[in-house]
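Structure, as structure tokens:
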Amino acid sequence: MSLALYIVLFSVGAAAVVLCMVRALRGPTAPDRLVAVDGMITITTALLVLLGLFLGRRIYIDVALVYAVLAFVGVIAVARYLERGL
Amino acid sequence: MTTTAIIGTFVVGFGVAFLFLGALGIFRLPDVYNRLQAGTKCTTLGAFCAIVGVGIAEPGWIFKALIVAVFILLTNPISAHALARASYKSGVRPYDGTVVDKYRELGECKEVGNAAETSEPTAGGEE
């Protein structure tokens, strides 16, 4: 892939993250913010793998995997907290 | 540029476009449940296509990329389900344009118990 293509892909991904972050800052209720953060986490995982392809380093896939696992556990924990309290 | 790199580029572009559409749905839709639906389905497909596309473009990475992609494909609906149930039980109502709310109907039937069987024809008549 050429550099211009990478710039386009990362710009679209960054725009997606910014939209999710605006919703996370503005959301009226706590579940709104949590949904926005969940979407932001998934987008960030995909962009981490793409960053690994851009930099030519394979370790970024492991970083993305660990990030996905921790985010899954965190989202489940916060959802359980919203449902019935700690 | 080899053939696999071109195919992988197209798949990555498809995935990133779906990621942007999912984020747009999270930003624009009126309700937490609508946002959850857009944000989960679009970002699951987008992340899956982007990661598998990276694996196609760089054929030595396909195994690890598939591990990450399948993990996202399995865990994203689970977290979305937990989020939807948590937001319903924490008292977030659907917005005014909502047509049907099956969870509330079923919940009322379960709470009332045997009395719900007698009131079932009226509930069916409303539909």
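Ordering of the structure tokens sets the chain letters (A, B, ...); residue numbers start at 1 within each chain; ligands are numbered from 1 in the order shown.
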Discussion item. Using only C-alpha atoms, which protein or nucleic acid residues come within 10 Å of range 59-67 of chain B? Drop anything in the same chain fewer than 4 positions from it, and give the result as number ranges by chain.
Written reply: A: 49, 53, 58, 61-62, 64-65; B: 4-5, 8, 48, 50-55, 71-73
Mind dumping the selected residues with C-alpha atoms as a short mmCIF file (atom, residue, chain, number, x, y, z; two decimals), in the first residue's frame?
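For reference, selection.cif as written:
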```
data_model
loop_
_atom_site.label_atom_id
_atom_site.label_comp_id
_atom_site.auth_asym_id
_atom_site.auth_seq_id
_atom_site.Cartn_x
_atom_site.Cartn_y
_atom_site.Cartn_z
CA VAL A 49 -3.59 -3.93 13.61
CA LEU A 53 0.94 -3.27 8.97
CA ARG A 58 4.14 -7.90 14.09
CA ILE A 61 -1.29 -7.64 16.68
CA ASP A 62 -0.50 -8.96 20.15
CA ALA A 64 -4.47 -5.38 19.81
CA LEU A 65 -5.39 -8.81 21.19
CA THR B 4 -2.67 -10.34 -2.25
CA ALA B 5 -1.69 -6.81 -1.25
CA GLY B 8 -6.04 -6.93 1.24
CA PHE B 48 -13.35 -8.09 11.23
CA ALA B 50 -9.96 -4.59 8.55
CA ILE B 51 -8.05 -7.19 10.56
CA VAL B 52 -8.58 -10.01 8.04
CA GLY B 53 -7.56 -7.58 5.30
CA VAL B 54 -4.28 -6.95 7.09
CA GLY B 55 -3.82 -10.72 7.26
CA PHE B 71 -12.11 -12.92 19.26
CA ILE B 72 -13.77 -9.63 18.32
CA LEU B 73 -16.46 -11.50 16.40
#
```
Can you list every residue of chain B that has an atom at most 7 Å from chain A, with its nearest atom pair and the distance in Å to one decimal, using only C-alpha atoms, ordered by chain then number, as CSV?
```
residue,atom,partner,partner_atom,distance
B:Thr9,CA,A:Met1,CA,6.9
B:Gly13,CA,A:Leu9,CA,6.9
B:Val16,CA,A:Gly13,CA,6.4
B:Leu19,CA,A:Ile43,CA,6.4
B:Phe20,CA,A:Ala16,CA,4.8
B:Ala23,CA,A:Ala16,CA,5.1
B:Leu24,CA,A:Leu19,CA,6.6
B:Ile26,CA,A:Cys20,CA,6.4
B:Phe27,CA,A:Arg23,CA,5.5
B:Val32,CA,A:Asp32,CA,5.5
B:Leu36,CA,A:Val35,CA,6.1
B:Gly39,CA,A:Gly39,CA,5.7
B:Thr40,CA,A:Gly39,CA,6.9
B:Thr43,CA,A:Thr42,CA,6.5
B:Ala47,CA,A:Ala46,CA,5.1
B:Ala50,CA,A:Ala46,CA,6.1
B:Ile51,CA,A:Ala46,CA,6.0
B:Val54,CA,A:Leu50,CA,6.5
B:Lys64,CA,A:Ile61,CA,6.9
B:Ala65,CA,A:Ile61,CA,6.8
B:Val68,CA,A:Leu65,CA,5.5
B:Thr75,CA,A:Phe72,CA,6.8
B:Ser79,CA,A:Ile76,CA,5.9
B:Ala82,CA,A:Ala79,CA,6.1
B:Leu83,CA,A:Ala79,CA,5.4
B:Ala86,CA,A:Glu83,CA,4.4
B:Ser87,CA,A:Pro31,CA,5.7
B:Lys89,CA,A:Glu83,CA,5.8
B:Ser90,CA,A:Glu83,CA,5.6
```
Create the file for the chosen residues now, containing C-alpha atoms and written as an mmCIF file, in the first residue's frame.
```
data_model
loop_
_atom_site.group_PDB
_atom_site.id
_atom_site.type_symbol
_atom_site.label_atom_id
_atom_site.label_comp_id
_atom_site.auth_asym_id
_atom_site.auth_seq_id
_atom_site.Cartn_x
_atom_site.Cartn_y
_atom_site.Cartn_z
ATOM 1 C CA THR B 9 -6.131 -3.197 0.575
ATOM 2 C CA GLY B 13 -10.829 -0.112 2.945
ATOM 3 C CA VAL B 16 -12.564 1.078 7.670
ATOM 4 C CA LEU B 19 -16.029 1.499 11.070
ATOM 5 C CA PHE B 20 -16.750 5.091 10.090
ATOM 6 C CA ALA B 23 -19.218 5.694 14.509
ATOM 7 C CA LEU B 24 -21.602 7.917 12.549
ATOM 8 C CA ILE B 26 -23.244 6.177 17.389
ATOM 9 C CA PHE B 27 -23.039 9.931 16.895
ATOM 10 C CA VAL B 32 -29.070 4.285 23.498
ATOM 11 C CA LEU B 36 -25.957 0.148 20.474
ATOM 12 C CA GLY B 39 -22.295 0.701 16.987
ATOM 13 C CA THR B 40 -22.143 -3.035 17.477
ATOM 14 C CA THR B 43 -18.006 -1.949 14.108
ATOM 15 C CA ALA B 47 -13.074 -4.521 12.570
ATOM 16 C CA ALA B 50 -9.964 -4.592 8.549
ATOM 17 C CA ILE B 51 -8.049 -7.194 10.555
ATOM 18 C CA VAL B 54 -4.280 -6.945 7.085
ATOM 19 C CA LYS B 64 -2.632 -14.076 14.530
ATOM 20 C CA ALA B 65 -4.913 -11.733 12.645
ATOM 21 C CA VAL B 68 -7.886 -11.273 16.946
ATOM 22 C CA THR B 75 -17.012 -11.036 22.282
ATOM 23 C CA SER B 79 -20.724 -7.128 25.511
ATOM 24 C CA ALA B 82 -24.811 -7.130 28.508
ATOM 25 C CA LEU B 83 -24.889 -3.389 27.784
ATOM 26 C CA ALA B 86 -27.832 -3.202 31.865
ATOM 27 C CA SER B 87 -29.162 -0.013 30.298
ATOM 28 C CA LYS B 89 -32.533 -2.447 33.918
ATOM 29 C CA SER B 90 -30.889 0.792 35.018
#
```
Worksheet entry | Length of the CA of Gly46 in chain B to CA of Thr2 in chain B vector [Å] | 23.5 Å
Practice prompt. Report the residues of chain B whose backbone DSSP state falls under helix (DSSP H, G or I), written as an NGL selection string.
Written response: :B and (3-28 or 32-57 or 59-89 or 102-112 or 115-118 or 120-126)
Worksheet item: Quick one, how far is CA of Val70 in chain B from CA of Ala84 in chain B?
Response: 22.0 Å
Worksheet item: When you draw a straight line from CA of Arg85 in chain B to CA of Arg104 in chain B, how long is it in Å?
Response: 11.7 Å
Fill in: Top pick for closest residue to Tyr95 in chain B, considering B:Pro77, B:Gly22, B:Gly107, B:Pro30 and counting only C-alpha atoms
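For Tyr95 in chain B, the nearest of the candidates is B:Pro30.
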